[in-house]
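A short worksheet on the structure shown next.
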Amino acid sequence: MTPRAADRTRYDRATAHLDAPLAIVDLEAFDANARDLVRRAAGKPIRVASKSVRCRALLERVLAQDGFEGLMSFTLAESLWLARSGFDDVLLAYPSADRAGYAELAADPKLAQLAELARSIARRPGFRLVGIMAYEGHVAGVGDSIAGRPLRSRAVRLMQSTARKELATRRAAVVRAVRAVAPELEFVNGGGTGSVQHTAAED
């Protein structure tokens, strides 16, 4: 029996009394991955994406480690549940209440529109603009080492390198534009697992 098959037999035996769905997590690997993220973030706090860690106990475990601060949640219902479960820093990353505003923003990258969106938020009674989210999925979420495809891997790395430089410039301009409207901006969320070290290097 291979080591993998032996592990599977052991796991099946250990969880036979539990109803599916379930997951088994290697806590040593989990903690090692967390430490590596902290190292690559170089002192910038890491906000944990709850859609990637679908277990409250694991969220509590990683937030107890130095270098992690707050959650980025997936839905409003989840945000409420997390807040009621004792998490005191929850950023809802996927709001959808103002579809027209987001469609307008996505249609034209000019910063004047972004500043106008910030102004429209600041003008609304009961709303306060405190943060910006910027996620570069084409950098953070695209693998740059494709087995058997050295030329494609090199092209992806080149694209990502070029994009990182442009994004750093654009993100700085976005922050300036929004701060002109909301000077008490509390945070700028950026990067992902695959790009945290690069985003953390930005001011």
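So you can find residues: chains in the structure tokens are A, B, ... in the order shown, residues in each start at 1, and ligands are numbered from 1 in order.
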
Who sits within 9 Å of Leu129 of chain A, only C-alpha atoms, same chain under 2 positions skipped, as a ChimeraX atom specification: /A:118-119,121-122,127,131-132,182,184-186

Strand (DSSP E or B) positions in segment 38-197 of chain A, given as a PDB file with C-alpha atoms, in the first residue's frame:
ATOM      1  CA  ILE A  46      -2.862  40.392   5.834  1.00  0.00           C
ATOM      2  CA  ARG A  47      -6.657  40.305   5.641  1.00  0.00           C
ATOM      3  CA  VAL A  48      -7.881  36.718   5.377  1.00  0.00           C
ATOM      4  CA  ALA A  49     -10.364  35.932   2.575  1.00  0.00           C
ATOM      5  CA  PHE A  68      -2.978  38.796  10.201  1.00  0.00           C
ATOM      6  CA  GLU A  69      -5.664  41.404  10.732  1.00  0.00           C
ATOM      7  CA  GLY A  70      -9.344  41.060   9.910  1.00  0.00           C
ATOM      8  CA  LEU A  71     -11.446  39.143   7.412  1.00  0.00           C
ATOM      9  CA  MET A  72     -12.568  39.810   3.864  1.00  0.00           C
ATOM     10  CA  SER A  73     -15.982  38.165   3.611  1.00  0.00           C
ATOM     11  CA  VAL A  90     -15.045  42.123   8.713  1.00  0.00           C
ATOM     12  CA  LEU A  91     -14.764  43.719   5.265  1.00  0.00           C
ATOM     13  CA  LEU A  92     -17.537  42.731   2.845  1.00  0.00           C
ATOM     14  CA  GLY A 131     -11.699  51.860   2.479  1.00  0.00           C
ATOM     15  CA  ILE A 132     -10.862  50.790  -1.053  1.00  0.00           C
ATOM     16  CA  MET A 133     -10.560  47.265  -2.397  1.00  0.00           C
ATOM     17  CA  ALA A 134      -8.302  46.509  -5.349  1.00  0.00           C
ATOM     18  CA  PHE A 187      -7.376  51.110   4.556  1.00  0.00           C
ATOM     19  CA  VAL A 188      -6.546  50.075   1.012  1.00  0.00           C
ATOM     20  CA  ASN A 189      -7.024  46.342   0.459  1.00  0.00           C
ATOM     21  CA  GLY A 190      -4.952  44.828  -2.332  1.00  0.00           C
TER      22      GLY A 190
END

Give me, as a ChimeraX atom specification, the residues of segment 16-189 of chain A that a backbone DSSP run labels helix (DSSP H, G or I). /A:27-41,56-63,76-84,99-107,111-123,137-140,150-181

Give me the residues near Arg171 of chain A as an NGL selection string, where near means some atom within 12 Å (using only C-alpha atoms) and where sequence neighbours in that chain fewer than 6 positions away do not count. :A and (109 or 111 or 114 or 132-136 or 163-165 or 177-178 or 188-191 or 199 or 202-203)

For Asn33 of chain A, the nearest of the candidates A:Leu151, A:Leu82, A:Thr193, A:Arg170, counting only C-alpha atoms: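 Going through A:Leu151, A:Leu82, A:Thr193, A:Arg170 one by one, the smallest distance to Asn33 of chain A is for A:Thr193.
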
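The spacing separating atom CA of Ser50 of chain A from atom CA of Phe74 of chain A amounts to 6.7 Å.
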
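In this comparison, which uses only C-alpha atoms, the residue of A:Ala115, A:Val174, A:Lys51, A:Val130 approaching Tyr94 of chain A most closely is A:Lys51.
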
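Using only C-alpha atoms, the smallest distance between any of A:Gln160, A:Gln65, A:Gln197, A:Thr9 and Arg39 of chain A comes from A:Gln197.
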